[in-house]
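The next block is entry-v9.txt, given as compact mmCIF, C-alpha atoms.
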```
# COMPACT_ATOMS: atom_id res chain seq x y z
CA MET Y 3 -4.02 -8.16 12.63
CA PHE Y 4 -5.56 -5.11 14.19
CA PHE Y 5 -9.13 -6.02 15.07
CA GLU Y 6 -8.70 -9.47 16.61
CA LYS Y 7 -7.74 -9.64 20.26
CA HIS Y 8 -5.45 -12.41 21.52
CA ASP Y 9 -3.93 -12.59 24.97
CA ASP Y 10 -0.69 -14.07 23.64
CA TYR Y 11 -0.21 -12.04 20.44
CA LYS Y 12 -0.06 -8.44 19.35
CA TYR Y 13 1.02 -7.44 15.84
CA ASN Y 14 4.00 -5.12 16.09
CA GLY Y 15 5.28 -5.08 12.51
CA LEU Y 16 4.45 -2.75 9.64
CA ALA Y 17 1.67 -3.53 7.21
CA TRP Y 18 1.58 -1.17 4.24
CA LEU Y 19 -1.36 -1.39 1.88
CA PHE Y 20 -1.42 0.22 -1.55
CA LEU Y 21 -4.97 0.00 -2.86
CA GLY Y 22 -5.89 1.04 -6.36
CA VAL Y 23 -9.31 1.70 -7.85
CA PRO Y 24 -10.66 3.68 -10.83
CA THR Y 25 -12.81 6.10 -8.78
CA SER Y 26 -13.00 6.99 -5.09
CA ASP Y 27 -16.60 5.79 -4.84
CA THR Y 28 -15.35 2.25 -5.64
CA LEU Y 29 -12.95 2.08 -2.70
CA LEU Y 30 -13.76 -1.07 -0.75
CA TYR Y 31 -13.50 -1.13 3.04
CA LYS Y 32 -12.37 2.50 3.16
CA GLU Y 33 -13.84 3.14 6.61
CA GLU Y 34 -12.38 -0.07 8.06
CA LEU Y 35 -8.95 0.63 6.58
CA GLU Y 36 -8.92 4.19 7.86
CA LYS Y 37 -9.98 2.92 11.28
CA MET Y 38 -7.03 0.50 11.28
CA LYS Y 39 -4.72 3.37 10.35
CA ALA Y 40 -6.09 5.43 13.25
CA MET Y 41 -5.83 2.48 15.66
CA ALA Y 42 -2.27 1.57 14.72
CA PRO Y 43 -0.54 4.53 13.07
CA ASP Y 44 2.91 3.05 13.71
CA ASN Y 45 1.94 -0.36 12.32
CA PHE Y 46 -0.36 0.34 9.39
CA ARG Y 47 0.21 2.58 6.42
CA LEU Y 48 -2.42 3.12 3.77
CA ASP Y 49 -2.06 4.66 0.34
CA PHE Y 50 -4.77 4.88 -2.28
CA ALA Y 51 -4.25 5.14 -6.03
CA VAL Y 52 -7.39 6.43 -7.74
CA SER Y 53 -6.56 6.31 -11.43
CA ARG Y 54 -9.40 8.42 -12.84
CA GLU Y 55 -9.21 11.12 -10.20
CA GLN Y 56 -5.60 11.48 -9.11
CA THR Y 57 -2.35 12.27 -10.90
CA ASN Y 58 1.27 12.39 -9.84
CA ALA Y 59 3.53 15.44 -10.03
CA ALA Y 60 4.18 14.73 -13.74
CA GLY Y 61 0.44 14.69 -14.47
CA GLU Y 62 0.32 10.91 -15.03
CA LYS Y 63 -2.65 8.82 -13.92
CA MET Y 64 -2.28 7.48 -10.41
CA TYR Y 65 -1.94 3.71 -10.67
CA ILE Y 66 -0.52 1.45 -7.92
CA GLN Y 67 2.96 1.57 -9.45
CA THR Y 68 2.69 5.37 -9.78
CA ARG Y 69 1.82 5.74 -6.08
CA MET Y 70 4.53 3.26 -5.07
CA ALA Y 71 7.11 5.21 -7.08
CA GLU Y 72 6.54 8.12 -4.66
CA TYR Y 73 7.98 5.90 -1.91
CA LYS Y 74 10.43 3.91 -4.02
CA GLU Y 75 13.54 4.43 -1.86
CA GLU Y 76 11.69 3.52 1.31
CA LEU Y 77 10.13 0.48 -0.34
CA TRP Y 78 13.50 -0.68 -1.65
CA GLU Y 79 14.98 -0.45 1.87
CA LEU Y 80 12.10 -2.59 3.16
CA LEU Y 81 12.58 -5.13 0.37
CA LYS Y 82 16.18 -5.66 1.43
CA LYS Y 83 15.05 -6.87 4.87
CA ASP Y 84 14.55 -10.56 5.66
CA ASN Y 85 11.20 -9.92 7.33
CA THR Y 86 9.49 -8.11 4.45
CA TYR Y 87 6.74 -9.95 2.59
CA VAL Y 88 4.95 -8.67 -0.49
CA TYR Y 89 1.48 -9.78 -1.58
CA MET Y 90 0.46 -8.30 -4.90
CA CYS Y 91 -2.93 -8.84 -6.49
CA GLY Y 92 -4.44 -7.13 -9.50
CA LEU Y 93 -3.84 -6.35 -13.13
CA LYS Y 94 -0.76 -7.80 -14.78
CA GLY Y 95 0.61 -4.40 -15.87
CA MET Y 96 1.06 -3.43 -12.24
CA GLU Y 97 3.82 -5.99 -11.75
CA LYS Y 98 5.86 -4.66 -14.69
CA GLY Y 99 5.45 -1.13 -13.38
CA ILE Y 100 6.84 -2.15 -10.02
CA ASP Y 101 9.71 -4.01 -11.71
CA ASP Y 102 10.51 -0.83 -13.64
CA ILE Y 103 10.77 1.08 -10.35
CA MET Y 104 12.96 -1.50 -8.62
CA VAL Y 105 15.45 -2.19 -11.44
CA ASP Y 106 17.24 1.15 -11.06
CA LEU Y 107 17.11 1.15 -7.26
CA ALA Y 108 18.57 -2.35 -7.06
CA ALA Y 109 21.25 -1.48 -9.61
CA LYS Y 110 22.44 1.39 -7.39
CA ASP Y 111 23.23 -1.27 -4.78
CA GLY Y 112 24.84 -3.56 -7.37
CA ILE Y 113 21.87 -5.93 -7.35
CA ASP Y 114 20.13 -7.43 -10.37
CA TRP Y 115 16.44 -6.87 -9.56
CA ILE Y 116 15.11 -9.80 -11.59
CA GLU Y 117 17.50 -12.24 -9.87
CA TYR Y 118 16.79 -10.70 -6.48
CA LYS Y 119 13.04 -11.01 -7.06
CA LYS Y 120 13.55 -14.70 -7.89
CA GLN Y 121 15.24 -15.13 -4.50
CA LEU Y 122 12.37 -13.33 -2.79
CA LYS Y 123 9.89 -15.64 -4.55
CA LYS Y 124 11.86 -18.72 -3.56
CA GLY Y 125 11.83 -17.54 0.05
CA GLU Y 126 8.06 -16.91 -0.21
CA GLN Y 127 8.61 -13.19 0.41
CA TRP Y 128 7.28 -12.11 -3.01
CA ASN Y 129 3.79 -13.38 -3.78
CA VAL Y 130 1.95 -12.33 -6.91
CA GLU Y 131 -1.54 -13.06 -8.24
CA VAL Y 132 -2.09 -10.98 -11.35
CA TYR Y 133 -4.38 -11.45 -14.31
```
Show the structure stored in the file as structure tokens.
Amino acid sequence: MFFEKHDDYKYNGLAWLFLGVPTSDTLLYKEELEKMKAMAPDNFRLDFAVSREQTNAAGEKMYIQTRMAEYKEELWELLKKDNTYVYMCGLKGMEKGIDDIMVDLAAKDGIDWIEYKKQLKKGEQWNVEVY
């Protein structure tokens, strides 16, 4: 999206990557990702979750769902938009952690998160590959 050059296309959306690893020395493509962030600060957000080195304000290990919880209201607002697409890959527990975050936020808007997520999946806006 950011490195390829096309005369007839320029990415103008928002790509937000949450990348989780056990230790900072196992971060893949860190330099490339940070370069993309520098190239397109309005179009690319990057957040790392380094579980063995970082903690949240409550002292809990920093997993993907822990990092995402820091932005939960903003993420929920994005998930309510028709042009938001989620691609989630990783350990199965991550998906439940994200569900736990979204249930309460959706309920505040009178929305059943599990049913809403089914709609997102049907519309190919929620894509998950966990193991």
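Closest approach to Val88 of chain Y from the set Y:Lys7, Y:Asp44, Y:Glu131, Y:Ser26 is made by Y:Glu131, with distances taken over all atoms listed in the file.
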**Message:** Considering all atoms listed in the file, can you say which of Y:Phe50, Y:Phe5, Y:Tyr31, Y:Tyr87 comes closest to Ala17 of chain Y?
**Reply:**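 Smallest separation from Ala17 of chain Y among the options: Y:Tyr87.
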**For atom CA of Thr86 of chain Y and atom CA of Gly99 of chain Y, the interatomic separation in Å (one decimal)** =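 We find that atom CA of Thr86 of chain Y and atom CA of Gly99 of chain Y lie 19.6 Å from each other.
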**Item:** Selected residue of minimal separation from Gly95 of chain Y among Y:Val132, Y:Ser53, Y:Ala40, Y:Asn14, counting only C-alpha atoms
**Value:**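 Among the listed residues, Y:Val132 lies closest to Gly95 of chain Y.
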**Item:** Best match for closeness to Leu93 of chain Y among Y:Ala59, Y:Leu122, Y:Ile66, Y:Leu35, counting only C-alpha atoms
**Value:** Y:Ile66
**Item:** Near-segment 68-85 of chain Y list (10 Å; only C-alpha atoms; drop same-chain fewer than 4 positions) as number ranges by chain
**Value:** Y: 15, 18, 20-22, 49-53, 56-59, 62-64, 96, 99-100, 102-104, 107-108, 118-119, 122, 125, 127-128
